[in-house]
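Asker: Below are the C-alpha cells for one structure; questions will follow.
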Amino acid sequence: MLKFYIETVGCQMNVLDSELAHSSLVQSGLVPTTNRNNADVILFNTCSVRQHAEDKIYSALGRLKHWKVTKPYGVLGVIGCMAQKEQKIIFQRAPHVDLVLGPGQLELLSETVHQLLDEKLQQNRVDREVDQKMESGKKLLVSLKRQEHRHAEVVGSFRLFDPVRNPEARYNRFQAMVRIMFGCDKFCTYCIVPSVRGPEQSRPPQEIIDEIQTLVRQGVVEITLIGQTVNSYRYKTGGKTTLLSDLLYQVSKIEGLQRICFVTNYPRGMDDDLLYAVRDLPKVAKHLHVPAQSGSDAVLRRMKRNYSASEYRELVSRIYATIPNVSMTCDFIVGFCGETDEEFLQTVELVQDCRFKNSFIFKYSERRGTKSAELYADDVQESVKKIRNNILLEIQDKISLEQNQQFIGKTVEILVEGTTKQFETGDVQLSGRTSCDRIVVFDAPDNRLIGQFLKLNIYDAAPFTLFAKQPADS
Ligand code: SAH
Ligand code: SF4
Ligand code: F3S
C-alpha cells in the first residue's frame with residue numbers, strides 16, 4: 001500500500017485543490033498519511049503570490065533530499081501556482097523533484113503520479129541489480145544501465161477539475177468550499193494570479209448546485225463559494241445569464257444547507273443585486289471580503305485596480321447602508337512601487353474610515369512576469385514597508401477591538417468549528433464563527449457541539465476573538 005502526503009500553502013483555491021487531489025489519489029488506490037517521512041509520494045501544493053511563499057517551498061524541497069535517498073522510488077511533486085509559474089526552474093533548483101504539475105492540470109495528477117511510481121519502482125529494481133553487479137566488480141555495466149532521473153512536467157492550458165467530493169479529504173465534515181469560477185482577468189499590475197490560474201471561467205450553475213447537493217448529503221451545513229473574483233461570476237446559456245446574486249438565490253433553496261459564504265470580491269461589480277441578495281437571503285453570511293489594496297488614487301492607478309479611493313468609500317457606505325449588521329474585511333499592499341508617505345497616509349485614512357472587521361496587510365513583493373515588475377522599480381525600502389505594515393496593523397487592531405467590544409452583553413449564533421484548547425479538568429474550549437465571520441470561543445464539557453449551530457452570550461472581547469458562555473437555560 002503506497003502512501004501519499006500533501007502539504008498546502010496559499011489561498012482557498014489551493015485548499016480546495018488539495019482536497020480534490022487527495023480524493024483523486026485515494027480513488028486511484030493510494031493511502032493518505034499524516035507522517036511525511038512515511039510517505040511514498042510527497043506533494044507540495046504551492047503559492048506564488050509573494051516571494052516568501054516560494055522561498056519556503058524551495059527550502060522545504062531542499063530538506064527532502066535525504067527522503068529521496070531513503071526512498072529512491074518515491075515521488076516528490078510540486079503542484080499549484082508555483083508549478084505553473086516556475087516550471088523547469090524547479091527541476092533546475094531542486095533536481096530531485098519528480099513532478100511539476102500546474103493547477104490547470106489537476107485531473108492528470110493521479111495518472112501521472114502512478115506512471116512515475118511504476119517507472120521508479122522498476123528503475124529502483126534495475127538500480128539495485130546494477131548495485132549488486134557493481135559490488136561483484138562488473139562496473140562497466142553500470143554506466144550502460146543506470147538511467148537518467150526521469151521526471152514529469154505537466155503544465156499548460158486550464159481545465160476545470162472538480163470531481164467527486166470525498167468528506168475524508170476535507171478539514172471537517174460540515175464545511176466545504178465549492179469553486180464557482182476559475183482564474184482571473186483583472187491583471188492588477190502586482191499580481192501573479194492571472195498568469196498562474198489562467199483566464200476567468202465560470203462553472204455552469206447546475207453543476208454547482210449538483211455539487212452542493214452532494215456535499216449536503218455528505219453532512220455539509222456551510223459552504224463557501226470561491227473564486228479569485230467571485231463576484232465576476234457570470235454564466236450564459238440559452239439567452240439567460242446567471243450572476244452571483246442569481247446563484248445565491250438558487251443555492252439558498254437547497255434544503256439542509258444552513259450557511260452560504262463567498263470570497264473574494266473585486267470592488268468593481270459589487271452591484272446592488274448582489275447586496276440585496278446578501279441582505280434578503282437569511283442563509284447568506286453577513287460578511288463581505290472586498291480588498292481595497294490602497295487608499296491612494298495614484299497607487300490604485302499604478303496597480304491598475306480600475307477604481308478610485310472615493311469610489312471604494314462609496315461602495316463601503318452603500319454596503320453598510322444596505323445590509324444590517326454586515327461586517328467587511330479588506331486586503332492592503334503596503335510599499336507598492338513609488339508609494340510615498342502621503343500616499344501611504346491616504347491608506348491609513350481609508351482604514352480609519354471604513355471600520356473593517358479586520359484587514360490583511362501585505363508588504364509588496366515583486367513578482368517576475370507581472371506588469372509592475374516590468375514598469376516600476378520596487379523602490380520602497382524593506383524597513384519602510386515593515387513600518388507601514390505595523391502602523392496599519394496597529395490601527396486595524398484598535399478598530400477590530402472596538403467593534404468586537406460592541407458585542408459584549410449580546411447573544412450571537414455561531415457554527416461550532418473545532419477545539420482550541422483542552423483543559424486538565426477534561427473540559428474543552430470550542431470555537432466557531434458568527435454569520436458576520438467573528439470568531440467566538442467558549443468552554444464546554446466535550447466536543448459534541450462541533451458542527452452545530454448554537455446561541456451564545458458574549459461576555460468579553462479581544463481584537464480577533466469574542467468570549468462567550470452558553471445561556472443558563474440551554
Ligand atoms: N483575488 C483577490 C486576492 C488575490 S491574492 C483580490 O483580487 O483581491 C490575495 C492578496 O494578496 C491580494 O488581495 C493582495 O493584497 C495580496 N497580493 C497579491 N499580489 C501581491 C504582491 N505581489 N505582493 C504583496 N501582496 C500581494
Ligand atoms: Fe490578482 Fe487583481 Fe486578480 Fe485579485 S483581481 S487575483 S489581485 S489580478
Ligand atoms: Fe497563491 Fe495561487 Fe492562491 S498564487 S494566493 S495559491 S491562486
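Following the order of the C-alpha cells, chains are lettered A, B, ..., residues in each are numbered from 1, and ligands are numbered from 1.
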Name each residue within 8 Å of ligand 3, counting only C-alpha atoms and all ligand atoms, as a ChimeraX atom specification.

Answerer: /A:9-14,46-50,80-82,183,192-193,196-197,228

Asker: Write as a PyMOL selection string the residues around ligand 1, taking 10 Å as the cut-off and counting only C-alpha atoms and all ligand atoms.

Answerer: chain A and resi 10-11+47-52+183-184+186-194+226-230+263-267+289-294+305+330-336+359-368+370+372-373

Asker: Within range 28-257 of chain A, find each residue whose DSSP state, derived from the backbone, is alpha helix (DSSP H), and express the selection as a count of residues only.

Answerer: 92

Asker: With only C-alpha atoms and all ligand atoms as the atoms that count, which of A:Leu350, A:Met181, A:Ile223, A:Leu274 lies nearest to ligand 2?

Answerer: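 Comparing A:Leu350, A:Met181, A:Ile223, A:Leu274 against ligand 2, the winner is A:Met181.
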
Asker: Can you tell me, as a PDB file with C-alpha atoms, in the first residue's frame, which residues in range 2-203 of chain A count as strand (DSSP E or B) by DSSP?

Answerer:
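What ended up in states-v6.pdb:
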ATOM      1  CA  LYS A   3       1.091   6.300   0.911  1.00  0.00           C
ATOM      2  CA  PHE A   4       0.827   9.959  -0.033  1.00  0.00           C
ATOM      3  CA  TYR A   5       1.166  13.223   1.853  1.00  0.00           C
ATOM      4  CA  ILE A   6       0.111  16.686   0.662  1.00  0.00           C
ATOM      5  CA  GLU A   7       1.333  19.942   2.185  1.00  0.00           C
ATOM      6  CA  THR A   8      -0.707  23.009   1.293  1.00  0.00           C
ATOM      7  CA  VAL A  31      -3.499   5.809   1.041  1.00  0.00           C
ATOM      8  CA  PRO A  32      -3.190   9.170   2.821  1.00  0.00           C
ATOM      9  CA  VAL A  41       4.511  10.345  -2.601  1.00  0.00           C
ATOM     10  CA  ILE A  42       5.021  13.861  -1.211  1.00  0.00           C
ATOM     11  CA  LEU A  43       3.251  16.743  -2.906  1.00  0.00           C
ATOM     12  CA  PHE A  44       3.633  20.438  -2.173  1.00  0.00           C
ATOM     13  CA  ASN A  45       0.640  22.490  -3.246  1.00  0.00           C
ATOM     14  CA  THR A  46       2.290  25.863  -3.672  1.00  0.00           C
ATOM     15  CA  VAL A  75       7.701  10.660  -5.966  1.00  0.00           C
ATOM     16  CA  LEU A  76       8.308  14.249  -4.914  1.00  0.00           C
ATOM     17  CA  GLY A  77       5.934  16.635  -6.645  1.00  0.00           C
ATOM     18  CA  VAL A  78       5.246  20.356  -6.846  1.00  0.00           C
ATOM     19  CA  ILE A  79       1.686  21.268  -7.762  1.00  0.00           C
ATOM     20  CA  GLY A  80      -0.221  24.566  -7.543  1.00  0.00           C
ATOM     21  CA  LEU A  99       6.842  16.021 -10.853  1.00  0.00           C
ATOM     22  CA  VAL A 100       5.775  19.574 -11.631  1.00  0.00           C
ATOM     23  CA  LEU A 101       2.055  19.830 -12.369  1.00  0.00           C
ATOM     24  CA  ALA A 152       7.317  14.739 -15.497  1.00  0.00           C
ATOM     25  CA  GLU A 153       6.314  18.304 -16.272  1.00  0.00           C
ATOM     26  CA  VAL A 154       2.604  18.806 -16.791  1.00  0.00           C
ATOM     27  CA  GLN A 175     -17.944  22.843   5.970  1.00  0.00           C
ATOM     28  CA  ALA A 176     -16.828  22.769   2.344  1.00  0.00           C
ATOM     29  CA  MET A 177     -15.672  25.030  -0.439  1.00  0.00           C
ATOM     30  CA  VAL A 178     -17.145  24.990  -3.899  1.00  0.00           C
ATOM     31  CA  ARG A 179     -15.387  26.604  -6.829  1.00  0.00           C
ATOM     32  CA  MET A 181     -15.215  30.280 -11.106  1.00  0.00           C
ATOM     33  CA  PHE A 182     -11.616  29.704 -12.028  1.00  0.00           C
ATOM     34  CA  GLN A 201     -14.137  30.672 -16.447  1.00  0.00           C
ATOM     35  CA  SER A 202     -17.468  30.325 -14.654  1.00  0.00           C
TER      36      SER A 202
END

Asker: Just to confirm, what's the straight-line distance from CA of Asp271 in chain A to CA of Ser310 in chain A in Å (one decimal)?

Answerer: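 Result for CA of Asp271 in chain A versus CA of Ser310 in chain A: 16.2 Å, one decimal.
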
Asker: What separation in Å, quoted to one decimal, exists between CA of Ile319 in chain A and CA of Lys253 in chain A?

Answerer: 23.9 Å

Asker: Find the spatial neighbours of range 25-28 of chain A, counting only C-alpha atoms, within a cut-off of 10 Å - ignore same-chain residues fewer than 3 positions away - and output them as an mmCIF file with all heavy atoms, in the first residue's frame.

Answerer:
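Now in part-v7.cif:
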data_model
loop_
_atom_site.group_PDB
_atom_site.id
_atom_site.type_symbol
_atom_site.label_atom_id
_atom_site.label_comp_id
_atom_site.auth_asym_id
_atom_site.auth_seq_id
_atom_site.Cartn_x
_atom_site.Cartn_y
_atom_site.Cartn_z
ATOM 1 N N LYS A 3 1.710 5.201 0.165
ATOM 2 C CA LYS A 3 1.091 6.300 0.911
ATOM 3 C C LYS A 3 1.450 7.653 0.307
ATOM 4 O O LYS A 3 2.543 7.836 -0.217
ATOM 5 C CB LYS A 3 1.595 6.281 2.360
ATOM 6 C CG LYS A 3 1.276 5.005 3.099
ATOM 7 C CD LYS A 3 1.510 5.229 4.590
ATOM 8 C CE LYS A 3 1.552 3.930 5.348
ATOM 9 N NZ LYS A 3 2.798 3.202 5.166
ATOM 10 N N PHE A 4 0.523 8.604 0.447
ATOM 11 C CA PHE A 4 0.827 9.959 -0.033
ATOM 12 C C PHE A 4 0.585 10.997 1.063
ATOM 13 O O PHE A 4 -0.175 10.766 2.012
ATOM 14 C CB PHE A 4 -0.002 10.299 -1.281
ATOM 15 C CG PHE A 4 -1.464 10.539 -1.010
ATOM 16 C CD1 PHE A 4 -1.949 11.810 -0.704
ATOM 17 C CD2 PHE A 4 -2.376 9.496 -1.051
ATOM 18 C CE1 PHE A 4 -3.292 12.031 -0.448
ATOM 19 C CE2 PHE A 4 -3.729 9.704 -0.794
ATOM 20 C CZ PHE A 4 -4.184 10.980 -0.498
ATOM 21 N N GLU A 19 -7.818 19.176 -1.531
ATOM 22 C CA GLU A 19 -8.890 18.217 -1.236
ATOM 23 C C GLU A 19 -9.181 17.366 -2.477
ATOM 24 O O GLU A 19 -9.326 16.148 -2.399
ATOM 25 C CB GLU A 19 -10.163 18.968 -0.802
ATOM 26 C CG GLU A 19 -11.309 18.019 -0.495
ATOM 27 C CD GLU A 19 -12.678 18.689 -0.474
ATOM 28 O OE1 GLU A 19 -12.789 19.844 -0.038
ATOM 29 O OE2 GLU A 19 -13.650 18.029 -0.908
ATOM 30 N N LEU A 20 -9.230 18.025 -3.639
ATOM 31 C CA LEU A 20 -9.538 17.300 -4.870
ATOM 32 C C LEU A 20 -8.402 16.346 -5.234
ATOM 33 O O LEU A 20 -8.639 15.213 -5.666
ATOM 34 C CB LEU A 20 -9.800 18.291 -6.012
ATOM 35 C CG LEU A 20 -10.952 19.276 -5.770
ATOM 36 C CD1 LEU A 20 -11.050 20.279 -6.896
ATOM 37 C CD2 LEU A 20 -12.276 18.543 -5.597
ATOM 38 N N ALA A 21 -7.157 16.805 -5.027
ATOM 39 C CA ALA A 21 -6.006 15.942 -5.297
ATOM 40 C C ALA A 21 -6.067 14.726 -4.380
ATOM 41 O O ALA A 21 -5.869 13.589 -4.814
ATOM 42 C CB ALA A 21 -4.713 16.717 -5.081
ATOM 43 N N HIS A 22 -6.360 14.974 -3.106
ATOM 44 C CA HIS A 22 -6.476 13.908 -2.113
ATOM 45 C C HIS A 22 -7.530 12.885 -2.579
ATOM 46 O O HIS A 22 -7.265 11.689 -2.637
ATOM 47 C CB HIS A 22 -6.872 14.539 -0.776
ATOM 48 C CG HIS A 22 -6.983 13.590 0.366
ATOM 49 N ND1 HIS A 22 -6.280 13.754 1.527
ATOM 50 C CD2 HIS A 22 -7.732 12.486 0.557
ATOM 51 C CE1 HIS A 22 -6.577 12.780 2.367
ATOM 52 N NE2 HIS A 22 -7.458 12.005 1.803
ATOM 53 N N VAL A 31 -2.962 5.639 -0.313
ATOM 54 C CA VAL A 31 -3.499 5.809 1.041
ATOM 55 C C VAL A 31 -2.900 7.082 1.654
ATOM 56 O O VAL A 31 -1.693 7.283 1.581
ATOM 57 C CB VAL A 31 -3.101 4.585 1.910
ATOM 58 C CG1 VAL A 31 -3.602 4.734 3.329
ATOM 59 C CG2 VAL A 31 -3.612 3.311 1.282
ATOM 60 N N PRO A 32 -3.756 7.943 2.242
ATOM 61 C CA PRO A 32 -3.190 9.170 2.821
ATOM 62 C C PRO A 32 -2.424 8.893 4.117
ATOM 63 O O PRO A 32 -2.772 7.980 4.857
ATOM 64 C CB PRO A 32 -4.428 10.024 3.120
ATOM 65 C CG PRO A 32 -5.561 9.069 3.202
ATOM 66 C CD PRO A 32 -5.218 7.881 2.371
ATOM 67 N N LEU A 109 -3.284 14.416 -12.378
ATOM 68 C CA LEU A 109 -2.368 14.170 -11.257
ATOM 69 C C LEU A 109 -2.213 12.690 -10.926
ATOM 70 O O LEU A 109 -1.093 12.164 -10.925
ATOM 71 C CB LEU A 109 -2.828 14.939 -10.007
ATOM 72 C CG LEU A 109 -1.950 14.710 -8.774
ATOM 73 C CD1 LEU A 109 -0.595 15.369 -8.948
ATOM 74 C CD2 LEU A 109 -2.616 15.228 -7.506
ATOM 75 N N SER A 110 -3.330 11.993 -10.666
ATOM 76 C CA SER A 110 -3.167 10.628 -10.156
ATOM 77 C C SER A 110 -2.542 9.739 -11.226
ATOM 78 O O SER A 110 -1.670 8.932 -10.930
ATOM 79 C CB SER A 110 -4.484 10.073 -9.626
ATOM 80 O OG SER A 110 -5.394 9.919 -10.662
ATOM 81 N N GLU A 111 -2.957 9.951 -12.478
ATOM 82 C CA GLU A 111 -2.394 9.166 -13.582
ATOM 83 C C GLU A 111 -0.872 9.362 -13.658
ATOM 84 O O GLU A 111 -0.103 8.405 -13.746
ATOM 85 C CB GLU A 111 -3.081 9.682 -14.846
ATOM 86 C CG GLU A 111 -2.736 9.033 -16.134
ATOM 87 C CD GLU A 111 -3.396 9.842 -17.283
ATOM 88 O OE1 GLU A 111 -4.540 10.341 -17.110
ATOM 89 O OE2 GLU A 111 -2.730 10.001 -18.330
ATOM 90 N N VAL A 113 1.191 10.515 -11.318
ATOM 91 C CA VAL A 113 1.866 10.003 -10.114
ATOM 92 C C VAL A 113 2.067 8.490 -10.251
ATOM 93 O O VAL A 113 3.143 7.962 -9.974
ATOM 94 C CB VAL A 113 1.056 10.355 -8.839
ATOM 95 C CG1 VAL A 113 1.510 9.520 -7.647
ATOM 96 C CG2 VAL A 113 1.199 11.838 -8.513
ATOM 97 N N HIS A 114 1.030 7.797 -10.725
ATOM 98 C CA HIS A 114 1.145 6.334 -10.863
ATOM 99 C C HIS A 114 2.172 5.949 -11.915
ATOM 100 O O HIS A 114 2.952 5.021 -11.713
ATOM 101 C CB HIS A 114 -0.217 5.706 -11.158
ATOM 102 C CG HIS A 114 -1.020 5.530 -9.907
ATOM 103 N ND1 HIS A 114 -0.821 4.489 -9.037
ATOM 104 C CD2 HIS A 114 -1.967 6.309 -9.348
ATOM 105 C CE1 HIS A 114 -1.632 4.615 -8.008
ATOM 106 N NE2 HIS A 114 -2.339 5.723 -8.167
ATOM 107 N N VAL A 164 -15.714 14.029 -7.930
ATOM 108 C CA VAL A 164 -16.435 13.541 -6.755
ATOM 109 C C VAL A 164 -15.776 14.055 -5.476
ATOM 110 O O VAL A 164 -14.561 13.990 -5.311
ATOM 111 C CB VAL A 164 -16.413 11.997 -6.739
ATOM 112 C CG1 VAL A 164 -17.278 11.467 -5.602
ATOM 113 C CG2 VAL A 164 -16.873 11.439 -8.079
ATOM 114 N N ASN A 166 -14.896 14.004 -1.558
ATOM 115 C CA ASN A 166 -14.692 12.964 -0.570
ATOM 116 C C ASN A 166 -14.567 13.600 0.816
ATOM 117 O O ASN A 166 -13.604 14.311 1.087
ATOM 118 C CB ASN A 166 -13.409 12.212 -0.947
ATOM 119 C CG ASN A 166 -12.980 11.206 0.093
ATOM 120 O OD1 ASN A 166 -13.636 11.065 1.126
ATOM 121 N ND2 ASN A 166 -11.896 10.508 -0.181
ATOM 122 N N GLU A 168 -13.643 12.585 3.573
ATOM 123 C CA GLU A 168 -12.416 12.232 4.305
ATOM 124 C C GLU A 168 -11.287 13.197 3.969
ATOM 125 O O GLU A 168 -10.344 13.355 4.732
ATOM 126 C CB GLU A 168 -11.938 10.817 3.921
ATOM 127 C CG GLU A 168 -12.936 9.707 4.185
ATOM 128 C CD GLU A 168 -13.200 9.540 5.665
ATOM 129 O OE1 GLU A 168 -12.297 9.836 6.446
ATOM 130 O OE2 GLU A 168 -14.318 9.136 6.032
ATOM 131 N N ALA A 169 -11.373 13.822 2.797
ATOM 132 C CA ALA A 169 -10.281 14.672 2.337
ATOM 133 C C ALA A 169 -10.422 16.105 2.839
ATOM 134 O O ALA A 169 -9.563 16.938 2.609
ATOM 135 C CB ALA A 169 -10.240 14.663 0.813
#

Asker: Give me the residues near Pro471 in chain A as JSON, numbers by chain, where near means some atom within 10 Å (using only C-alpha atoms) and where sequence neighbours in that chain fewer than 3 positions away do not count.

Answerer: {"A": [411, 455, 456, 457, 458, 468, 474]}

Asker: Once you have the residues from the selection above, write them out as a compact mmCIF listing (two decimals), in the first residue's frame, restricted to all heavy atoms.

Answerer:
# COMPACT_ATOMS: atom_id res chain seq x y z
N THR A 411 -26.28 38.40 22.42
CA THR A 411 -26.35 36.97 22.09
C THR A 411 -26.06 36.81 20.60
O THR A 411 -26.59 37.56 19.79
CB THR A 411 -27.76 36.43 22.40
OG1 THR A 411 -28.02 36.69 23.78
CG2 THR A 411 -27.87 34.94 22.14
N LYS A 455 -26.55 29.22 20.07
CA LYS A 455 -26.64 30.63 20.53
C LYS A 455 -25.80 30.78 21.79
O LYS A 455 -25.83 29.94 22.68
CB LYS A 455 -28.09 30.99 20.81
CG LYS A 455 -28.92 31.11 19.56
CD LYS A 455 -29.97 32.21 19.71
CE LYS A 455 -30.56 32.60 18.38
NZ LYS A 455 -31.60 31.70 17.89
N LEU A 456 -25.04 31.88 21.86
CA LEU A 456 -24.14 32.10 23.00
C LEU A 456 -24.22 33.55 23.47
O LEU A 456 -24.51 34.45 22.67
CB LEU A 456 -22.69 31.82 22.57
CG LEU A 456 -22.32 30.37 22.21
CD1 LEU A 456 -20.95 30.33 21.56
CD2 LEU A 456 -22.33 29.49 23.45
N ASN A 457 -23.90 33.75 24.76
CA ASN A 457 -23.85 35.11 25.30
C ASN A 457 -22.39 35.58 25.35
O ASN A 457 -21.54 34.90 25.92
CB ASN A 457 -24.42 35.15 26.71
CG ASN A 457 -25.88 34.76 26.73
OD1 ASN A 457 -26.57 34.90 25.71
ND2 ASN A 457 -26.36 34.26 27.85
N ILE A 458 -22.14 36.76 24.80
CA ILE A 458 -20.77 37.28 24.77
C ILE A 458 -20.50 38.05 26.08
O ILE A 458 -21.29 38.92 26.46
CB ILE A 458 -20.58 38.25 23.58
CG1 ILE A 458 -20.98 37.58 22.26
CG2 ILE A 458 -19.16 38.79 23.53
CD1 ILE A 458 -20.15 36.41 21.84
N ALA A 468 -17.41 33.79 25.05
CA ALA A 468 -18.85 33.58 25.28
C ALA A 468 -19.13 32.47 26.28
O ALA A 468 -18.24 31.68 26.61
CB ALA A 468 -19.51 33.23 23.95
N SER A 474 -29.74 26.63 28.48
CA SER A 474 -29.52 25.70 27.37
C SER A 474 -29.01 24.35 27.87
O SER A 474 -28.50 24.22 28.95
CB SER A 474 -28.53 26.26 26.35
OG SER A 474 -27.25 26.30 26.93

Asker: Report the distance between CA of Pro72 in chain A and CA of Arg125 in chain A in Å, rounded to one decimal place.

Answerer: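 Distance reported for this atom pair: 10.2 Å.
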
Asker: So which one's closest to ligand 2, A:Ala377, A:Ile387, A:Leu345, A:Met303? Using only C-alpha atoms and all ligand atoms, please.

Answerer: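 Looking only at the distances to ligand 2, the closest residue turns out to be A:Met303.
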
Asker: Might you pull out every residue within 9 Å of Tyr235 in chain A, with only C-alpha atoms counted and same-chain residues fewer than 6 positions away left off, and present them as a VMD selection string?

Answerer: chain A and resid 201 to 205 241 to 243

Asker: Save out the residues we just selected, all heavy atoms, as a short mmCIF file (atom, residue, chain, number, x, y, z; two decimals), in the first residue's frame.

Answerer:
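That gives us selection_35.cif:
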data_model
loop_
_atom_site.label_atom_id
_atom_site.label_comp_id
_atom_site.auth_asym_id
_atom_site.auth_seq_id
_atom_site.Cartn_x
_atom_site.Cartn_y
_atom_site.Cartn_z
N GLN A 201 -13.16 31.62 -15.87
CA GLN A 201 -14.14 30.67 -16.45
C GLN A 201 -15.15 30.39 -15.35
O GLN A 201 -14.77 29.97 -14.26
CB GLN A 201 -13.48 29.34 -16.79
CG GLN A 201 -12.32 29.39 -17.76
CD GLN A 201 -11.71 27.98 -17.93
OE1 GLN A 201 -12.36 27.04 -18.35
NE2 GLN A 201 -10.45 27.84 -17.58
N SER A 202 -16.43 30.60 -15.65
CA SER A 202 -17.47 30.33 -14.65
C SER A 202 -18.04 28.94 -14.90
O SER A 202 -18.22 28.54 -16.05
CB SER A 202 -18.58 31.37 -14.73
OG SER A 202 -18.08 32.63 -14.35
N ARG A 203 -18.35 28.24 -13.83
CA ARG A 203 -18.93 26.90 -13.99
C ARG A 203 -20.44 27.00 -14.17
O ARG A 203 -21.08 27.90 -13.63
CB ARG A 203 -18.65 26.06 -12.73
CG ARG A 203 -17.20 25.72 -12.55
CD ARG A 203 -17.00 24.94 -11.27
NE ARG A 203 -17.54 23.59 -11.32
CZ ARG A 203 -17.82 22.85 -10.25
NH1 ARG A 203 -17.64 23.34 -9.03
NH2 ARG A 203 -18.28 21.62 -10.38
N PRO A 204 -21.04 26.06 -14.91
CA PRO A 204 -22.50 26.10 -15.10
C PRO A 204 -23.22 26.00 -13.76
O PRO A 204 -22.82 25.20 -12.90
CB PRO A 204 -22.79 24.85 -15.94
CG PRO A 204 -21.48 24.40 -16.47
CD PRO A 204 -20.41 24.92 -15.58
N PRO A 205 -24.29 26.81 -13.56
CA PRO A 205 -24.98 26.82 -12.27
C PRO A 205 -25.46 25.43 -11.84
O PRO A 205 -25.33 25.07 -10.68
CB PRO A 205 -26.17 27.75 -12.49
CG PRO A 205 -25.97 28.40 -13.80
CD PRO A 205 -24.84 27.77 -14.51
N THR A 241 -28.58 34.75 -18.54
CA THR A 241 -27.31 34.92 -17.83
C THR A 241 -27.53 34.75 -16.34
O THR A 241 -28.44 35.35 -15.77
CB THR A 241 -26.74 36.34 -18.09
OG1 THR A 241 -26.63 36.50 -19.50
CG2 THR A 241 -25.38 36.52 -17.46
N THR A 242 -26.71 33.92 -15.71
CA THR A 242 -26.79 33.75 -14.25
C THR A 242 -25.65 34.53 -13.63
O THR A 242 -24.48 34.33 -13.98
CB THR A 242 -26.68 32.25 -13.87
OG1 THR A 242 -27.65 31.53 -14.61
CG2 THR A 242 -26.88 32.03 -12.39
N LEU A 243 -25.99 35.43 -12.71
CA LEU A 243 -24.98 36.20 -11.98
C LEU A 243 -24.81 35.59 -10.59
O LEU A 243 -25.61 34.73 -10.19
CB LEU A 243 -25.41 37.66 -11.85
CG LEU A 243 -25.66 38.41 -13.16
CD1 LEU A 243 -26.23 39.79 -12.88
CD2 LEU A 243 -24.36 38.52 -13.97
#

Asker: Find the residues around Arg438 in chain A up to 9 Å (only C-alpha atoms counted), leave out those fewer than 5 positions away in its own chain, and share them as a short mmCIF file (atom, residue, chain, number, x, y, z; two decimals) with all heavy atoms, in the first residue's frame.

Answerer:
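Here's the written file out_36.cif:
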data_model
loop_
_atom_site.label_atom_id
_atom_site.label_comp_id
_atom_site.auth_asym_id
_atom_site.auth_seq_id
_atom_site.Cartn_x
_atom_site.Cartn_y
_atom_site.Cartn_z
N SER A 327 -20.41 42.72 8.27
CA SER A 327 -19.02 43.08 8.55
C SER A 327 -18.25 43.03 7.24
O SER A 327 -18.60 42.28 6.33
CB SER A 327 -18.40 42.10 9.55
OG SER A 327 -18.12 40.88 8.92
N LYS A 357 -13.81 44.82 9.88
CA LYS A 357 -13.71 43.85 10.97
C LYS A 357 -12.24 43.47 11.14
O LYS A 357 -11.72 43.44 12.24
CB LYS A 357 -14.53 42.60 10.68
CG LYS A 357 -14.35 41.50 11.72
CD LYS A 357 -15.22 40.31 11.43
CE LYS A 357 -14.71 39.47 10.28
NZ LYS A 357 -13.59 38.59 10.63
N ASN A 404 -15.46 44.58 18.23
CA ASN A 404 -15.80 43.38 18.99
C ASN A 404 -16.40 43.73 20.35
O ASN A 404 -17.27 43.02 20.85
CB ASN A 404 -14.57 42.48 19.15
CG ASN A 404 -14.42 41.53 17.98
OD1 ASN A 404 -15.26 41.51 17.08
ND2 ASN A 404 -13.36 40.74 17.98
N ILE A 414 -23.53 30.94 16.46
CA ILE A 414 -22.31 30.51 15.77
C ILE A 414 -22.46 29.09 15.24
O ILE A 414 -23.29 28.32 15.72
CB ILE A 414 -21.05 30.56 16.68
CG1 ILE A 414 -21.14 29.53 17.82
CG2 ILE A 414 -20.83 31.95 17.23
CD1 ILE A 414 -19.79 29.22 18.44
N GLY A 432 -15.99 28.87 17.14
CA GLY A 432 -16.87 28.87 15.97
C GLY A 432 -16.95 30.27 15.40
O GLY A 432 -16.24 31.17 15.86
N ARG A 433 -17.79 30.43 14.39
CA ARG A 433 -17.92 31.74 13.76
C ARG A 433 -19.38 32.17 13.64
O ARG A 433 -20.27 31.35 13.42
CB ARG A 433 -17.35 31.69 12.34
CG ARG A 433 -15.87 31.92 12.29
CD ARG A 433 -15.34 31.58 10.93
NE ARG A 433 -13.96 31.23 11.02
CZ ARG A 433 -12.94 32.08 10.82
NH1 ARG A 433 -13.19 33.33 10.49
NH2 ARG A 433 -11.71 31.67 10.93
N PHE A 464 -9.48 39.81 17.84
CA PHE A 464 -9.86 38.75 16.91
C PHE A 464 -10.79 37.70 17.51
O PHE A 464 -11.12 36.73 16.86
CB PHE A 464 -8.61 38.05 16.36
CG PHE A 464 -7.69 38.99 15.67
CD1 PHE A 464 -6.47 39.33 16.22
CD2 PHE A 464 -8.07 39.59 14.48
CE1 PHE A 464 -5.65 40.23 15.60
CE2 PHE A 464 -7.25 40.50 13.84
CZ PHE A 464 -6.02 40.83 14.41
N THR A 465 -11.16 37.88 18.77
CA THR A 465 -11.93 36.84 19.44
C THR A 465 -13.01 37.43 20.33
O THR A 465 -12.78 38.41 21.04
CB THR A 465 -11.00 35.98 20.35
OG1 THR A 465 -9.77 35.77 19.67
CG2 THR A 465 -11.62 34.66 20.70
N LEU A 466 -14.18 36.78 20.31
CA LEU A 466 -15.22 37.09 21.29
C LEU A 466 -15.28 35.92 22.27
O LEU A 466 -15.17 34.76 21.86
CB LEU A 466 -16.57 37.23 20.58
CG LEU A 466 -16.72 38.40 19.61
CD1 LEU A 466 -18.02 38.27 18.81
CD2 LEU A 466 -16.69 39.72 20.36
#

Asker: Choose the residue, out of A:Phe467, A:Phe453, A:Phe174, A:Phe262, that has the smallest atom-to-atom separation from Val220 in chain A; count only C-alpha atoms.

Answerer: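 Among the listed residues, A:Phe174 lies closest to Val220 in chain A.
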
Asker: Which is closer to ligand 2 than all the others in A:Phe344, A:Arg448, A:Asn231, A:Ala472, using only C-alpha atoms and all ligand atoms?

Answerer: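 Once distances to ligand 2 are computed over only C-alpha atoms and all ligand atoms, the minimum belongs to A:Asn231.
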
Asker: Looking at only C-alpha atoms and all ligand atoms, which of A:Ile57, A:Ile391, A:Leu300, A:Ile450 is the one that sits closest to ligand 2?

Answerer: A:Leu300

Asker: Of the residues A:Ser59, A:Asp185, A:Gln84, A:Ser24, which is the one nearest to ligand 2, using only C-alpha atoms and all ligand atoms?

Answerer: A:Asp185
